[in-house]
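Novice: Got a structure for you, entry.cif, holding mmCIF, C-alpha atoms and all ligand atoms.
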```cif
data_coords
#
loop_
_atom_site.label_atom_id
_atom_site.label_comp_id
_atom_site.auth_asym_id
_atom_site.auth_seq_id
_atom_site.Cartn_x
_atom_site.Cartn_y
_atom_site.Cartn_z
CA MET M 1 0.00 0.00 0.00
CA ARG M 2 0.98 3.59 -0.62
CA ILE M 3 -0.11 5.74 2.26
CA GLY M 4 -0.05 9.52 2.32
CA ILE M 5 0.65 11.51 5.45
CA THR M 6 -0.27 15.15 5.68
CA GLY M 7 -1.40 17.82 8.12
CA GLY M 8 -1.31 21.56 8.61
CA ILE M 9 1.94 23.46 8.80
CA GLY M 10 3.75 22.62 12.03
CA SER M 11 1.34 19.82 12.92
CA GLY M 12 4.24 17.40 13.30
CA LYS M 13 4.18 15.47 10.01
CA THR M 14 7.94 15.03 9.92
CA THR M 15 8.08 14.16 13.63
CA VAL M 16 5.43 11.46 13.12
CA CYS M 17 7.19 10.15 9.99
CA LYS M 18 10.41 9.72 11.98
CA LEU M 19 8.45 7.49 14.37
CA PHE M 20 7.19 5.35 11.47
CA GLU M 21 10.78 5.13 10.22
CA THR M 22 11.85 3.66 13.57
CA LEU M 23 9.31 0.88 12.84
CA GLY M 24 11.05 0.17 9.52
CA ILE M 25 8.59 2.02 7.28
CA PRO M 26 10.23 3.91 4.39
CA VAL M 27 9.10 7.52 4.00
CA TYR M 28 9.16 9.59 0.82
CA TYR M 29 9.44 13.29 1.71
CA ALA M 30 7.65 14.96 -1.20
CA ASP M 31 8.67 18.56 -0.47
CA ALA M 32 12.37 17.68 -0.31
CA ALA M 33 11.98 15.54 -3.44
CA ALA M 34 10.32 18.44 -5.27
CA ARG M 35 13.26 20.73 -4.44
CA LYS M 36 15.68 18.11 -5.78
CA LEU M 37 13.69 17.33 -8.94
CA MET M 38 13.50 21.02 -9.84
CA VAL M 39 17.27 20.95 -10.38
CA THR M 40 17.76 17.38 -11.67
CA ASP M 41 14.73 16.43 -13.79
CA GLN M 42 15.59 17.71 -17.28
CA HIS M 43 12.00 17.63 -18.52
CA LEU M 44 10.80 19.64 -15.52
CA ILE M 45 13.68 22.12 -15.83
CA HIS M 46 12.79 22.61 -19.49
CA GLN M 47 9.11 23.24 -18.61
CA ILE M 48 10.00 25.73 -15.86
CA LYS M 49 12.37 27.64 -18.16
CA ASN M 50 9.76 27.66 -20.93
CA THR M 51 7.15 29.09 -18.60
CA PHE M 52 9.10 31.45 -16.38
CA GLY M 53 12.14 32.24 -18.53
CA GLU M 54 15.80 31.20 -18.51
CA GLU M 55 16.31 33.42 -15.44
CA ALA M 56 14.46 30.81 -13.38
CA TYR M 57 17.89 29.12 -13.08
CA THR M 58 21.30 30.52 -12.31
CA PRO M 59 24.12 29.91 -14.83
CA ALA M 60 25.34 27.19 -12.42
CA GLY M 61 22.02 25.37 -12.81
CA GLU M 62 20.62 26.21 -9.40
CA LEU M 63 17.05 27.32 -8.98
CA ASN M 64 16.78 31.12 -8.86
CA ARG M 65 14.49 31.08 -5.83
CA PRO M 66 14.17 34.83 -5.27
CA TYR M 67 13.24 35.34 -8.94
CA LEU M 68 10.62 32.57 -8.93
CA ALA M 69 9.27 33.50 -5.50
CA LYS M 70 8.73 37.08 -6.67
CA ILE M 71 6.66 35.83 -9.61
CA VAL M 72 4.57 33.14 -7.94
CA PHE M 73 3.91 34.67 -4.53
CA ASN M 74 2.38 37.73 -6.20
CA ASN M 75 0.23 35.69 -8.53
CA SER M 76 -1.74 32.68 -7.31
CA GLU M 77 -2.47 31.49 -10.88
CA LYS M 78 1.26 31.32 -11.58
CA LEU M 79 1.84 29.51 -8.29
CA LYS M 80 -0.85 27.01 -9.28
CA PHE M 81 0.79 26.58 -12.67
CA LEU M 82 4.23 25.98 -11.16
CA ASN M 83 2.70 23.38 -8.83
CA SER M 84 0.97 21.74 -11.78
CA LEU M 85 4.40 21.26 -13.40
CA VAL M 86 6.14 20.02 -10.25
CA HIS M 87 3.47 17.66 -8.88
CA PRO M 88 3.41 15.18 -11.80
CA ALA M 89 7.22 14.95 -11.65
CA VAL M 90 7.08 14.25 -7.92
CA GLU M 91 4.29 11.70 -8.36
CA LYS M 92 6.30 9.84 -11.02
CA ASP M 93 9.40 9.86 -8.82
CA ALA M 94 7.39 8.75 -5.75
CA ARG M 95 5.90 5.81 -7.67
CA ALA M 96 9.33 4.70 -8.89
CA TRP M 97 10.67 5.02 -5.32
CA HIS M 98 7.71 3.02 -3.95
CA SER M 99 8.28 0.21 -6.45
CA ARG M 100 11.91 -0.07 -5.31
CA GLN M 101 10.93 -0.71 -1.67
CA ARG M 102 11.09 -4.39 -0.79
CA HIS M 103 9.70 -6.46 2.09
CA VAL M 104 7.73 -3.67 3.72
CA PRO M 105 4.00 -3.77 4.46
CA TYR M 106 3.47 -0.23 3.18
CA THR M 107 5.29 3.01 2.43
CA LEU M 108 4.51 6.58 3.44
CA LYS M 109 4.52 9.70 1.29
CA GLU M 110 4.76 12.86 3.38
CA ALA M 111 3.46 15.99 1.69
CA ALA M 112 1.96 19.23 2.96
CA LEU M 113 -0.40 19.57 0.00
CA ILE M 114 -1.64 16.02 -0.58
CA PHE M 115 -5.24 17.18 -0.95
CA GLU M 116 -4.61 20.55 -2.59
CA SER M 117 -2.49 18.90 -5.30
CA GLY M 118 -4.98 16.06 -5.85
CA SER M 119 -2.23 13.50 -5.23
CA TYR M 120 -4.36 11.76 -2.56
CA ARG M 121 -6.29 10.18 -5.43
CA GLN M 122 -3.19 8.12 -6.28
CA LEU M 123 -2.78 6.86 -2.71
CA ASP M 124 -4.45 3.94 -0.95
CA ARG M 125 -4.98 5.80 2.31
CA VAL M 126 -4.20 9.12 3.93
CA ILE M 127 -3.15 9.81 7.53
CA TYR M 128 -3.84 13.30 8.88
CA VAL M 129 -1.63 14.69 11.63
CA TYR M 130 -3.65 17.09 13.74
CA ALA M 131 -2.54 19.76 16.20
CA PRO M 132 -4.48 22.88 17.25
CA LEU M 133 -3.64 26.04 15.32
CA GLU M 134 -2.18 27.86 18.35
CA THR M 135 0.18 24.95 19.06
CA ARG M 136 1.25 24.84 15.41
CA ILE M 137 1.90 28.59 15.30
CA LYS M 138 4.08 28.40 18.44
CA ARG M 139 6.01 25.38 17.14
CA VAL M 140 6.78 26.95 13.75
CA MET M 141 7.69 30.36 15.24
CA GLU M 142 10.14 28.55 17.50
CA ARG M 143 11.50 26.17 14.83
CA ASP M 144 11.88 28.67 11.95
CA LYS M 145 12.45 31.84 14.04
CA VAL M 146 9.62 33.59 12.21
CA GLN M 147 6.76 35.89 13.21
CA ARG M 148 3.21 34.79 13.90
CA GLU M 149 2.02 36.59 10.73
CA ASP M 150 4.48 34.57 8.58
CA VAL M 151 3.01 31.33 9.88
CA LEU M 152 -0.55 32.55 9.37
CA ALA M 153 0.26 33.54 5.77
CA ARG M 154 1.33 29.94 5.10
CA VAL M 155 -1.77 28.57 6.84
CA ARG M 156 -3.98 30.67 4.56
CA ASN M 157 -2.52 28.91 1.49
CA GLN M 158 -3.83 25.59 2.73
CA TRP M 159 -7.33 24.10 2.55
CA PRO M 160 -9.54 24.32 5.67
CA GLU M 161 -8.53 21.64 8.14
CA GLU M 162 -12.02 20.13 8.54
CA ASP M 163 -12.24 19.42 4.79
CA LYS M 164 -8.91 17.59 4.85
CA ILE M 165 -9.78 15.58 7.97
CA ALA M 166 -13.05 14.51 6.33
CA LEU M 167 -11.10 13.15 3.37
CA SER M 168 -8.53 11.31 5.54
CA ASP M 169 -8.70 7.68 6.65
CA HIS M 170 -6.77 8.03 9.92
CA VAL M 171 -6.01 10.92 12.27
CA ILE M 172 -3.03 11.17 14.60
CA ILE M 173 -3.47 13.76 17.33
CA ASN M 174 -0.22 15.53 18.13
CA ASP M 175 -1.39 18.07 20.70
CA ASN M 176 0.82 17.12 23.65
CA THR M 177 -2.07 15.40 25.46
CA LEU M 178 -2.02 11.95 23.85
CA SER M 179 1.05 9.78 23.34
CA VAL M 180 2.04 10.06 19.69
CA ILE M 181 4.28 7.00 20.00
CA LYS M 182 1.33 4.88 21.15
CA GLN M 183 -0.91 6.20 18.36
CA VAL M 184 1.75 5.50 15.71
CA HIS M 185 2.34 2.03 17.06
CA LYS M 186 -1.36 1.19 17.07
CA LEU M 187 -1.91 2.54 13.57
CA HIS M 188 1.16 0.69 12.29
CA GLN M 189 -0.24 -2.59 13.61
CA ARG M 190 -3.59 -1.85 12.02
CA LEU M 191 -2.01 -1.04 8.65
CA CYS M 192 0.14 -4.18 8.80
CA SER M 193 -2.92 -6.31 9.38
CA VAL M 194 -4.79 -4.60 6.54
CA THR M 195 -1.85 -5.32 4.23
CA LYS M 196 -1.71 -8.95 5.35
CA ASN M 197 -5.42 -9.46 4.75
CA ASN M 198 -5.17 -7.39 1.59
CA VAL M 199 -8.40 -5.58 2.37
P1 LIG B 201 5.95 21.72 8.22
O1 LIG B 201 4.51 21.80 7.86
O2 LIG B 201 6.54 23.07 8.43
O3 LIG B 201 6.75 20.86 7.30
P2 LIG B 201 5.67 19.54 10.11
O4 LIG B 201 4.19 19.31 10.09
O5 LIG B 201 6.51 18.55 9.39
O6 LIG B 201 6.02 21.02 9.68
P3 LIG B 201 7.42 19.15 12.35
O7 LIG B 201 8.58 19.81 11.70
O8 LIG B 201 7.44 17.68 12.55
O9 LIG B 201 6.05 19.59 11.63
O10 LIG B 201 7.13 19.83 13.77
C1 LIG B 201 7.13 21.25 13.93
C2 LIG B 201 7.96 21.61 15.15
O11 LIG B 201 7.25 21.19 16.32
C3 LIG B 201 9.31 20.92 15.19
O12 LIG B 201 10.25 21.79 15.75
C4 LIG B 201 9.06 19.71 16.11
O13 LIG B 201 10.23 19.32 16.79
C5 LIG B 201 8.02 20.25 17.07
N1 LIG B 201 7.09 19.21 17.54
C6 LIG B 201 6.38 18.36 16.77
N2 LIG B 201 5.63 17.54 17.54
C7 LIG B 201 5.89 17.89 18.83
C8 LIG B 201 5.41 17.43 20.10
N3 LIG B 201 4.52 16.45 20.20
N4 LIG B 201 5.90 18.02 21.20
C9 LIG B 201 6.79 19.04 21.11
N5 LIG B 201 7.28 19.53 19.95
C10 LIG B 201 6.82 18.97 18.82
#
```
As structure tokens - that is how I would like this structure written.
Ligand code: ATP
Specialist:
Amino acid sequence: MRIGITGGIGSGKTTVCKLFETLGIPVYYADAAARKLMVTDQHLIHQIKNTFGEEAYTPAGELNRPYLAKIVFNNSEKLKFLNSLVHPAVEKDARAWHSRQRHVPYTLKEAALIFESGSYRQLDRVIYVYAPLETRIKRVMERDKVQREDVLARVRNQWPEEDKIALSDHVIINDNTLSVIKQVHKLHQRLCSVTKNNV
């Protein structure tokens, strides 16, 4: 099975994925993969240059982030278009990665925008990591040394939480009241038994 894992910014997706990794489950980190593919996938590079101009890359072949950011963060249609180029490349890479994994009951694909990008349709199940907004804001401010408003701006780019929870198959609550380790362990056992019974 290919299982997606998502959640709001700062909900603890990566933290939860690290716990699954300790149980031997391979995790594909889609956002990191996207950053890599944007400088290694020739077809994608070609598409980005065609759309945004040669200046989208430095002469050394690195992504010209300030240039691209200036274009897409002032224009949501252009941001959508850039995502529509990157997501298929990530999906193709994630599938190839999944097919290389051997002797595991399932794999995880961690992505912030699993629903927004539509990639959940390609996955067998989705896990949602939940934490209250205030907790998430505090965690991200502390982790990234940013202001509250910066976190809120990122939250506004995401779908409403209740819509995403409704579309998810499992929820892990990471709000400092319940043991995340216990929840991950229980869910892992459940997913292993589903895989065994092939339901
Ligand atoms: P992003 O959306 O930015 O990729 P994320 O959902 O992957 O974030 P993490 O990076 O896992 O979230 O967690 C955000 C921050 O909160 C990190 O600094 C992490 O160490 C911390 N954190 C996560 N879960 C907990 C917890 N249960 N208790 C305390 N700190 C936590």
Novice: Mind dumping a table of every chain M residue within 9 Å of ligand LIG 201 (chain B), with the nearest atom pair and its distance in Å to one decimal, using all atoms listed in the file, sorted by chain and rising number, as JSON lines?
Specialist:
```
{"residue": "M:Thr6", "atom": "CA", "partner": "B:LIG201", "partner_atom": "O4", "distance": 7.5}
{"residue": "M:Gly7", "atom": "CA", "partner": "B:LIG201", "partner_atom": "O4", "distance": 6.1}
{"residue": "M:Gly8", "atom": "CA", "partner": "B:LIG201", "partner_atom": "O1", "distance": 5.9}
{"residue": "M:Ile9", "atom": "CA", "partner": "B:LIG201", "partner_atom": "O1", "distance": 3.2}
{"residue": "M:Gly10", "atom": "CA", "partner": "B:LIG201", "partner_atom": "O6", "distance": 3.6}
{"residue": "M:Ser11", "atom": "CA", "partner": "B:LIG201", "partner_atom": "O4", "distance": 4.0}
{"residue": "M:Gly12", "atom": "CA", "partner": "B:LIG201", "partner_atom": "O9", "distance": 3.3}
{"residue": "M:Lys13", "atom": "CA", "partner": "B:LIG201", "partner_atom": "O4", "distance": 3.8}
{"residue": "M:Thr14", "atom": "CA", "partner": "B:LIG201", "partner_atom": "O8", "distance": 3.8}
{"residue": "M:Thr15", "atom": "CA", "partner": "B:LIG201", "partner_atom": "O8", "distance": 3.7}
{"residue": "M:Val16", "atom": "CA", "partner": "B:LIG201", "partner_atom": "O8", "distance": 6.6}
{"residue": "M:Cys17", "atom": "CA", "partner": "B:LIG201", "partner_atom": "O8", "distance": 8.0}
{"residue": "M:Lys18", "atom": "CA", "partner": "B:LIG201", "partner_atom": "O8", "distance": 8.5}
{"residue": "M:Asp31", "atom": "CA", "partner": "B:LIG201", "partner_atom": "O3", "distance": 8.3}
{"residue": "M:Glu110", "atom": "CA", "partner": "B:LIG201", "partner_atom": "O5", "distance": 8.5}
{"residue": "M:Ala111", "atom": "CA", "partner": "B:LIG201", "partner_atom": "O3", "distance": 8.1}
{"residue": "M:Ala112", "atom": "CA", "partner": "B:LIG201", "partner_atom": "O1", "distance": 6.1}
{"residue": "M:Val129", "atom": "CA", "partner": "B:LIG201", "partner_atom": "O4", "distance": 7.6}
{"residue": "M:Tyr130", "atom": "CA", "partner": "B:LIG201", "partner_atom": "O4", "distance": 8.9}
{"residue": "M:Ala131", "atom": "CA", "partner": "B:LIG201", "partner_atom": "N2", "distance": 8.6}
{"residue": "M:Thr135", "atom": "CA", "partner": "B:LIG201", "partner_atom": "O11", "distance": 8.5}
{"residue": "M:Arg136", "atom": "CA", "partner": "B:LIG201", "partner_atom": "C1", "distance": 7.0}
{"residue": "M:Lys138", "atom": "CA", "partner": "B:LIG201", "partner_atom": "O11", "distance": 8.2}
{"residue": "M:Arg139", "atom": "CA", "partner": "B:LIG201", "partner_atom": "O11", "distance": 4.4}
{"residue": "M:Val140", "atom": "CA", "partner": "B:LIG201", "partner_atom": "C2", "distance": 5.6}
{"residue": "M:Met141", "atom": "CA", "partner": "B:LIG201", "partner_atom": "C2", "distance": 8.8}
{"residue": "M:Glu142", "atom": "CA", "partner": "B:LIG201", "partner_atom": "O12", "distance": 7.0}
{"residue": "M:Arg143", "atom": "CA", "partner": "B:LIG201", "partner_atom": "O12", "distance": 4.6}
{"residue": "M:Asp144", "atom": "CA", "partner": "B:LIG201", "partner_atom": "O12", "distance": 8.0}
{"residue": "M:Ile173", "atom": "CA", "partner": "B:LIG201", "partner_atom": "N3", "distance": 8.9}
{"residue": "M:Asn174", "atom": "CA", "partner": "B:LIG201", "partner_atom": "N3", "distance": 5.3}
{"residue": "M:Asp175", "atom": "CA", "partner": "B:LIG201", "partner_atom": "N3", "distance": 6.1}
{"residue": "M:Asn176", "atom": "CA", "partner": "B:LIG201", "partner_atom": "N3", "distance": 5.1}
{"residue": "M:Thr177", "atom": "CA", "partner": "B:LIG201", "partner_atom": "N3", "distance": 8.5}
{"residue": "M:Leu178", "atom": "CA", "partner": "B:LIG201", "partner_atom": "N3", "distance": 8.7}
{"residue": "M:Ser179", "atom": "CA", "partner": "B:LIG201", "partner_atom": "N3", "distance": 8.1}
{"residue": "M:Val180", "atom": "CA", "partner": "B:LIG201", "partner_atom": "N3", "distance": 6.9}
```
Novice: Name all residues at most 12 Å from M:Leu79 (count only C-alpha atoms; drop same-chain ones fewer than 6 positions away) and give them as number ranges by chain.
Specialist: M: 48, 51-52, 68-73, 85-87, 117, 157
Novice: Write the residues you've just listed into a file as a short mmCIF file (atom, residue, chain, number, x, y, z; two decimals), in the frame of the given file, and include C-alpha atoms for each of them.
Specialist:
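The file below, result.cif, is the result:
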```cif
data_model
loop_
_atom_site.label_atom_id
_atom_site.label_comp_id
_atom_site.auth_asym_id
_atom_site.auth_seq_id
_atom_site.Cartn_x
_atom_site.Cartn_y
_atom_site.Cartn_z
CA ILE M 48 10.00 25.73 -15.86
CA THR M 51 7.15 29.09 -18.60
CA PHE M 52 9.10 31.45 -16.38
CA LEU M 68 10.62 32.57 -8.93
CA ALA M 69 9.27 33.50 -5.50
CA LYS M 70 8.73 37.08 -6.67
CA ILE M 71 6.66 35.83 -9.61
CA VAL M 72 4.57 33.14 -7.94
CA PHE M 73 3.91 34.67 -4.53
CA LEU M 85 4.40 21.26 -13.40
CA VAL M 86 6.14 20.02 -10.25
CA HIS M 87 3.47 17.66 -8.88
CA SER M 117 -2.49 18.90 -5.30
CA ASN M 157 -2.52 28.91 1.49
#
```
Novice: Which residues are near stretch 39-43 of chain M? Cut-off 8 Å, only C-alpha atoms, ignore same chain within fewer than 2 positions. Put them as a PyMOL selection string.
Specialist: chain M and resi 35-37+45-47+61-63+89
Novice: Could you check the closest approach to M:Lys164 for each of M:Glu55, M:Glu116, M:Glu91, M:Glu77 and tell me which residue wins, using all atoms listed in the file?
Specialist: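 Ranked by minimum distance to M:Lys164, first place goes to M:Glu116.
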Novice: Could you jot down the atom CA of M:Thr22 to atom CA of M:Phe115 separation for me, Å, one decimal place?
Specialist: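 According to the coordinates, atom CA of M:Thr22 and atom CA of M:Phe115 are separated by 26.2 Å.
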Novice: Using only C-alpha atoms, which of the listed residues (M:Arg148, M:Arg95, M:Arg2, M:Arg190) sits closest to M:Leu108?
Specialist: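 Among the listed residues, M:Arg2 lies closest to M:Leu108.
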Novice: Determine the nearest neighbour of M:Thr107 from the options M:Leu191, M:Ala56, M:Ile25, M:Ile5, counting only C-alpha atoms.
Specialist: M:Ile25
Novice: In Å, rounded to a single decimal, give me how far atom CA of M:Tyr67 is from atom CA of M:Pro160.
Specialist: 29.2 Å
Novice: Could you please determine the separation between atom CA of M:Val146 and atom CA of M:Asp163 in Å, to one decimal place?
Specialist: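 Pair atom CA of M:Val146 / atom CA of M:Asp163 returns 27.1 Å.
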Novice: Measuring atom to atom with only C-alpha atoms, identify which of M:Ser119, M:Ser168, M:Gln183, M:Thr58 is nearest to M:Ser84.
Specialist: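 That would be M:Ser119, the residue with the smallest distance to M:Ser84.
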